[in-house]
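Just target29.csv here, CSV, C-alpha atoms:
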chain,number,residue,atom,x,y,z
A,1,MET,CA,-9.5,178.6,42.9
A,2,THR,CA,-8.7,181.6,40.6
A,3,LEU,CA,-6.2,181.5,37.8
A,4,ASP,CA,-3.7,183.7,39.6
A,5,VAL,CA,-3.6,181.4,42.7
A,6,LEU,CA,-3.3,178.4,40.5
A,7,GLU,CA,-0.5,180.0,38.5
A,8,SER,CA,1.4,181.0,41.6
A,9,LYS,CA,1.2,177.5,43.0
A,10,PHE,CA,2.2,176.1,39.6
A,11,TRP,CA,5.4,178.1,39.4
A,12,ALA,CA,6.3,177.3,43.0
A,13,ILE,CA,5.9,173.5,42.4
A,14,ALA,CA,7.7,173.7,39.1
A,15,ALA,CA,10.6,175.5,40.7
A,16,GLN,CA,11.1,172.8,43.3
A,17,GLU,CA,10.5,169.7,41.1
A,18,ALA,CA,11.9,170.6,37.7
A,19,GLU,CA,15.0,172.6,38.5
A,20,ARG,CA,17.3,169.6,38.5
A,21,ASP,CA,16.3,168.4,35.1
A,22,MET,CA,16.5,171.8,33.5
A,23,ALA,CA,20.0,172.3,34.7
A,24,ALA,CA,21.1,169.1,32.9
A,25,HIS,CA,19.9,170.6,29.6
A,26,GLY,CA,21.0,174.1,29.7
A,27,VAL,CA,18.0,175.8,31.1
A,28,ASP,CA,18.7,175.7,34.8
A,29,ASN,CA,16.2,177.4,37.2
A,30,VAL,CA,13.7,178.0,34.3
A,31,HIS,CA,10.9,177.4,36.7
A,32,GLN,CA,11.8,180.1,39.2
A,33,ASN,CA,9.0,182.0,40.8
A,34,LYS,CA,8.0,184.9,38.6
A,35,GLU,CA,7.8,187.3,41.5
A,36,ARG,CA,11.6,187.2,41.8
A,37,PRO,CA,13.6,190.0,40.1
A,38,ASN,CA,14.7,189.4,36.6
A,39,ASP,CA,18.5,188.9,37.0
A,40,THR,CA,20.2,188.9,33.7
A,41,ASP,CA,23.7,189.4,34.9
A,42,CYS,CA,25.5,186.0,34.7
A,43,SER,CA,29.0,187.2,35.5
A,44,ASP,CA,28.9,185.7,39.0
A,45,VAL,CA,27.3,182.4,38.0
A,46,ASP,CA,29.4,179.3,37.8
A,47,GLY,CA,28.7,177.0,34.9
A,48,ILE,CA,25.5,177.4,32.8
A,49,CYS,CA,23.8,180.7,33.1
A,50,PRO,CA,20.3,180.3,34.5
A,51,LEU,CA,17.3,181.1,32.3
A,52,ARG,CA,13.8,182.1,33.3
A,53,CYS,CA,10.3,181.6,31.8
A,54,ASP,CA,10.0,185.3,31.3
A,55,SER,CA,12.8,185.2,28.8
A,56,VAL,CA,11.8,185.7,25.1
A,57,ASP,CA,13.7,182.6,24.1
A,58,ILE,CA,11.8,180.3,26.5
A,59,ALA,CA,8.2,179.3,26.4
A,60,CYS,CA,6.6,177.7,29.4
A,61,TYR,CA,3.3,175.9,29.5
A,62,MET,CA,1.2,174.0,32.0
A,63,ILE,CA,-0.9,171.4,30.2
A,64,ASP,CA,-3.4,168.8,31.4
A,65,ASN,CA,-3.4,165.1,30.7
A,66,ASN,CA,-5.3,165.7,27.4
A,67,GLY,CA,-2.8,168.3,26.1
A,68,PHE,CA,-4.8,171.4,26.7
A,69,VAL,CA,-3.0,174.5,27.9
A,70,LEU,CA,-4.0,175.8,31.3
A,71,ILE,CA,-1.2,178.4,31.9
A,72,SER,CA,1.0,180.1,29.4
A,73,LYS,CA,2.9,183.4,29.1
A,74,GLN,CA,0.5,184.1,26.2
A,75,ARG,CA,-3.0,184.5,27.8
A,76,ASN,CA,-4.7,183.7,24.5
A,77,ASP,CA,-3.1,180.2,24.5
A,78,ALA,CA,-5.1,179.2,27.6
A,79,GLY,CA,-7.8,176.6,26.7
A,80,ARG,CA,-6.2,175.7,23.4
A,81,PHE,CA,-4.9,172.3,22.4
A,82,PHE,CA,-1.1,172.4,22.6
A,83,GLY,CA,-0.7,170.6,19.3
A,84,GLU,CA,-2.3,173.6,17.6
A,85,ILE,CA,0.3,175.9,19.2
A,86,ASP,CA,3.4,173.8,18.6
A,87,GLY,CA,3.0,170.8,16.3
A,88,SER,CA,6.6,169.8,16.5
A,89,VAL,CA,6.8,169.2,20.2
A,90,MET,CA,3.4,167.5,20.3
A,91,THR,CA,4.4,165.2,17.5
A,92,THR,CA,7.6,164.3,19.3
A,93,LEU,CA,5.7,163.6,22.5
A,94,ILE,CA,3.4,161.2,20.7
A,95,ARG,CA,6.3,159.4,19.0
A,96,MET,CA,8.0,159.1,22.4
A,97,GLY,CA,4.9,157.5,23.9
A,98,MET,CA,4.2,160.3,26.4
A,99,PHE,CA,0.9,160.9,24.7
A,100,LYS,CA,-1.2,158.5,22.7
A,101,ARG,CA,-3.9,159.2,20.2
A,102,VAL,CA,-7.4,158.0,20.8
A,103,SER,CA,-10.2,158.1,18.2
A,104,LEU,CA,-13.6,159.3,19.4
A,105,PHE,CA,-16.8,159.2,17.5
A,106,ASP,CA,-19.9,161.4,17.5
A,107,TYR,CA,-22.9,159.7,16.2
A,108,GLN,CA,-25.2,162.7,16.4
A,109,ALA,CA,-23.1,165.2,14.5
A,110,MET,CA,-24.3,167.5,11.7
A,111,CYS,CA,-22.2,167.8,8.5
A,112,LYS,CA,-22.5,170.1,5.5
A,113,MET,CA,-23.9,168.3,2.5
A,114,ASN,CA,-21.4,167.7,-0.2
A,115,SER,CA,-22.5,169.1,-3.6
A,116,HIS,CA,-20.5,166.3,-5.3
A,117,SER,CA,-21.6,163.5,-3.1
A,118,VAL,CA,-22.1,160.0,-4.6
A,119,SER,CA,-25.8,159.0,-4.8
A,120,SER,CA,-27.5,155.8,-5.9
A,121,ALA,CA,-30.1,157.9,-7.8
A,122,ARG,CA,-30.3,157.8,-11.6
A,123,PRO,CA,-27.4,159.9,-13.1
A,124,LEU,CA,-27.9,162.6,-15.8
A,125,LEU,CA,-27.1,160.3,-18.7
A,126,SER,CA,-29.4,162.1,-21.1
A,127,PRO,CA,-30.0,165.8,-21.7
A,128,PHE,CA,-33.8,165.0,-21.5
A,129,TYR,CA,-33.3,164.5,-17.7
A,130,GLY,CA,-31.9,168.0,-17.4
A,131,LEU,CA,-34.7,169.4,-19.6
A,132,ALA,CA,-37.3,167.7,-17.4
A,133,SER,CA,-35.8,169.0,-14.3
A,134,ALA,CA,-35.8,172.6,-15.7
A,135,LEU,CA,-39.4,172.3,-16.8
A,136,LYS,CA,-40.4,171.0,-13.3
A,137,TRP,CA,-38.6,173.9,-11.7
A,138,PHE,CA,-40.4,176.4,-14.0
A,139,LEU,CA,-43.8,175.0,-13.4
A,140,SER,CA,-43.4,174.9,-9.6
A,141,ASN,CA,-42.3,178.5,-9.6
A,142,PHE,CA,-45.1,179.6,-11.9
A,143,LEU,CA,-47.7,177.9,-9.7
A,144,LEU,CA,-46.1,179.6,-6.7
A,145,PHE,CA,-46.3,182.9,-8.5
A,146,LEU,CA,-50.0,182.4,-9.2
A,147,LEU,CA,-50.7,181.5,-5.6
A,148,GLU,CA,-49.0,184.7,-4.3
A,149,PHE,CA,-50.5,186.9,-7.0
A,150,ASN,CA,-53.4,189.1,-5.8
A,151,PHE,CA,-55.9,189.8,-8.5
A,152,CYS,CA,-58.2,191.9,-6.3
A,153,GLY,CA,-55.5,194.5,-5.9
A,154,PHE,CA,-56.2,195.8,-9.4
A,155,TRP,CA,-59.7,197.0,-8.3
A,156,HIS,CA,-59.5,197.9,-4.6
A,157,THR,CA,-55.9,198.5,-3.7
A,158,GLU,CA,-56.8,200.9,-0.9
A,159,HIS,CA,-58.6,198.2,1.1
A,160,PHE,CA,-55.5,195.9,1.3
A,161,ALA,CA,-52.5,196.2,3.5
A,162,ASP,CA,-49.1,195.6,2.2
A,163,ALA,CA,-47.3,192.6,3.6
A,164,LYS,CA,-44.0,191.0,2.8
A,165,ALA,CA,-44.1,187.5,1.5
A,166,SER,CA,-43.0,184.9,4.0
A,167,PHE,CA,-41.4,182.9,1.3
A,168,SER,CA,-38.7,184.1,-1.0
A,169,VAL,CA,-37.3,182.4,-4.0
A,170,SER,CA,-33.7,183.0,-2.8
A,171,SER,CA,-34.4,181.2,0.5
A,172,ALA,CA,-35.7,178.2,-1.5
A,173,HIS,CA,-32.5,177.9,-3.4
A,174,LYS,CA,-29.9,177.8,-0.8
A,175,LYS,CA,-26.4,176.6,-1.6
A,176,ARG,CA,-26.2,172.9,-1.2
A,177,GLY,CA,-23.0,173.3,0.8
A,178,ASP,CA,-24.8,175.3,3.5
A,179,ILE,CA,-27.4,172.6,4.2
A,180,LEU,CA,-26.6,170.4,7.2
A,181,GLN,CA,-27.5,166.7,7.4
A,182,PRO,CA,-27.0,164.1,10.2
A,183,CYS,CA,-23.7,162.3,10.0
A,184,ASP,CA,-21.1,160.4,12.0
A,185,THR,CA,-17.8,162.1,12.7
A,186,GLU,CA,-14.5,161.0,14.1
A,187,TYR,CA,-12.2,163.3,15.9
A,188,PRO,CA,-8.8,162.7,17.7
A,189,SER,CA,-8.2,162.9,21.4
A,190,PHE,CA,-4.8,162.6,23.1
A,191,VAL,CA,-4.2,161.0,26.5
A,192,TYR,CA,-1.1,161.3,28.7
A,193,GLU,CA,0.7,158.1,29.6
A,194,PRO,CA,1.3,158.4,33.4
A,195,SER,CA,4.1,155.9,33.3
A,196,VAL,CA,6.3,158.5,31.6
A,197,LYS,CA,7.1,161.0,34.4
A,198,GLU,CA,9.5,163.2,32.4
A,199,THR,CA,11.3,163.3,29.1
A,200,ASN,CA,13.2,165.7,26.9
A,201,SER,CA,14.4,165.8,23.3
A,202,ILE,CA,15.9,168.0,20.6
A,203,ILE,CA,14.0,168.6,17.4
A,204,LYS,CA,16.0,169.4,14.3
A,205,CYS,CA,14.2,172.0,12.2
A,206,GLY,CA,16.4,172.9,9.2
A,207,ARG,CA,19.0,175.4,10.3
A,208,CYS,CA,18.0,175.4,14.0
A,209,GLN,CA,17.2,173.0,16.8
A,210,LYS,CA,14.4,173.1,19.3
A,211,MET,CA,15.0,171.7,22.7
A,212,PHE,CA,12.1,170.9,25.1
A,213,VAL,CA,11.7,169.4,28.6
A,214,VAL,CA,8.5,168.1,30.0
A,215,GLN,CA,7.8,166.8,33.5
A,216,GLN,CA,4.8,165.7,35.4
A,217,ILE,CA,3.8,167.9,38.4
A,218,PRO,CA,3.6,165.6,41.4
A,219,ASP,CA,0.1,164.6,42.7
A,220,SER,CA,-1.7,166.0,39.7
A,221,ASN,CA,-2.7,165.3,36.2
A,222,LEU,CA,-0.7,168.3,35.0
A,223,LEU,CA,2.6,168.6,33.1
A,224,MET,CA,5.2,171.3,33.1
A,225,LEU,CA,6.5,172.0,29.6
A,226,VAL,CA,9.5,174.2,28.7
A,227,VAL,CA,10.2,174.8,25.1
A,228,GLN,CA,12.9,176.7,23.3
A,229,ALA,CA,11.0,179.5,21.5
A,230,ASP,CA,13.6,180.9,19.2
A,231,CYS,CA,13.4,178.0,16.7
A,232,ASP,CA,10.4,177.9,14.3
A,233,CYS,CA,9.5,174.3,13.2
A,234,SER,CA,6.1,175.1,11.6
A,235,LYS,CA,7.3,174.3,8.1
A,236,GLN,CA,8.5,170.8,9.0
A,237,TYR,CA,5.8,170.1,11.5
A,238,PRO,CA,2.3,171.4,10.8
A,239,PRO,CA,-0.1,172.0,13.7
A,240,ILE,CA,-2.1,169.1,15.1
A,241,THR,CA,-5.7,169.9,15.0
A,242,MET,CA,-8.7,168.2,16.6
A,243,GLU,CA,-11.1,168.9,13.7
A,244,PRO,CA,-13.7,166.2,13.3
A,245,LYS,CA,-13.9,164.3,10.0
A,246,GLU,CA,-17.0,162.7,8.5
A,247,VAL,CA,-17.1,158.9,8.6
A,248,LYS,CA,-17.8,157.5,5.2
A,249,TYR,CA,-19.5,154.1,5.2
A,250,ILE,CA,-19.3,151.7,2.3
A,251,LEU,CA,-22.7,150.2,1.7
Can you give me the file's structure in the form of structure tokens?
Amino acid sequence: MTLDVLESKFWAIAAQEAERDMAAHGVDNVHQNKERPNDTDCSDVDGICPLRCDSVDIACYMIDNNGFVLISKQRNDAGRFFGEIDGSVMTTLIRMGMFKRVSLFDYQAMCKMNSHSVSSARPLLSPFYGLASALKWFLSNFLLFLLEFNFCGFWHTEHFADAKASFSVSSAHKKRGDILQPCDTEYPSFVYEPSVKETNSIIKCGRCQKMFVVQQIPDSNLLMLVVQADCDCSKQYPPITMEPKEVKYIL
């Protein structure tokens, strides 16, 4: 099934199932089919003027049961975690119990080596330790220089082909932070609670308020989410990321 077919079915289902709830909160008919003409004249409308998802003040999403965006007005939002797009709404949904956080672990991850990591090795308590390390480094590089040095080249340079050394000193001294080592990581996952079919709330963000309505699409694991887009809450609610964190074990 292509994205266009899925999107058309999505808007059709949303128009039938969510119209009643949106009317109660001031965004009636927000799920109307996008193929209909964009009527902005509200002079003949009784009560609340209907809004549409193609309005600049309304953001509409279809997300799955793990909070990932499937359909959005912004094509680049598809595939992203909704918490990264709007941390305020996702935080509120978690507090209201519509989503719950689950910790997952990766026991075969690779992490960058911390240059200031704690080690059980002997610390540099004396300057002699540093002097010994410097001397060891000098001797190792001097021996390497002797091994790579070609004495025969002084006498018969025309009989030898030039070749680049397969080992460079710069590659031997990579930054410690660029080296990867096996580690265990923990990363969050979010799961939809199917007992909550629909909910709505108003988020206070300083001088403005953001209203949103979310409803489950029947016979699916998908959710229809309509958010007021003209209120920025990014300062009060940072994005929720799914970045893994290294697990530190106390031995």
For Ile71 (chain A), work out the shell of residues within 8 Å, counting only C-alpha atoms and skipping chain neighbours fewer than 4 positions away, then give it as a VMD selection string. chain A and resid 7 61 to 63 75 77 to 78
Could you list, as a PyMOL selection string, every residue within 9 Å of Thr92 (chain A), counting only C-alpha atoms and ignoring same-chain residues fewer than 6 positions away? chain A and resi 98+201+203
Counting only C-alpha atoms, the residue of A:Lys73, A:Val89, A:Thr185, A:Asn66 that sits nearest Asp54 (chain A): A:Lys73
Computed gap from CA of Ser55 (chain A) to CA of Ser220 (chain A) is 26.4 Å
Pick out the residues sitting within 10 Å of Phe190 (chain A), and hand them over as a PyMOL selection string; count only C-alpha atoms, and ignore anything fewer than 5 positions along from it in its own chain. chain A and resi 65-68+81+83+90+94+98-103+242
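In this structure, CA of Ser234 (chain A) sits 29.0 Å away from CA of Ser195 (chain A).
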Point-to-point distance in Å for CA of Cys183 (chain A) and CA of Ile250 (chain A): 13.8 Å
Mind checking which residues fall within 7 Å of Gln228 (chain A), counting all atoms listed in the file, ignoring those fewer than 6 positions away in the same chain, and posting them as an MDAnalysis selection string? chainID A and resid 57:59 210:212
Could you dump the residues just selected with C-alpha atoms as a PDB file, keeping the file's coordinate frame?
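Done, and the output landed in out33.pdb:
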ATOM      1  CA  ASP A  57      13.700 182.600  24.100  1.00  0.00           C
ATOM      2  CA  ILE A  58      11.800 180.300  26.500  1.00  0.00           C
ATOM      3  CA  ALA A  59       8.200 179.300  26.400  1.00  0.00           C
ATOM      4  CA  LYS A 210      14.400 173.100  19.300  1.00  0.00           C
ATOM      5  CA  MET A 211      15.000 171.700  22.700  1.00  0.00           C
ATOM      6  CA  PHE A 212      12.100 170.900  25.100  1.00  0.00           C
TER       7      PHE A 212
END
Using all atoms listed in the file, which protein or nucleic acid residues come within 8 Å of Glu84 (chain A)? Drop anything in the same chain fewer than 2 positions from it, and give the result as a PyMOL selection string. chain A and resi 80-82+86-87+239-241
With distances taken over all atoms listed in the file, which residue among A:Met113, A:Cys231, A:Cys60, A:Leu225 lies nearest Arg207 (chain A)? A:Cys231
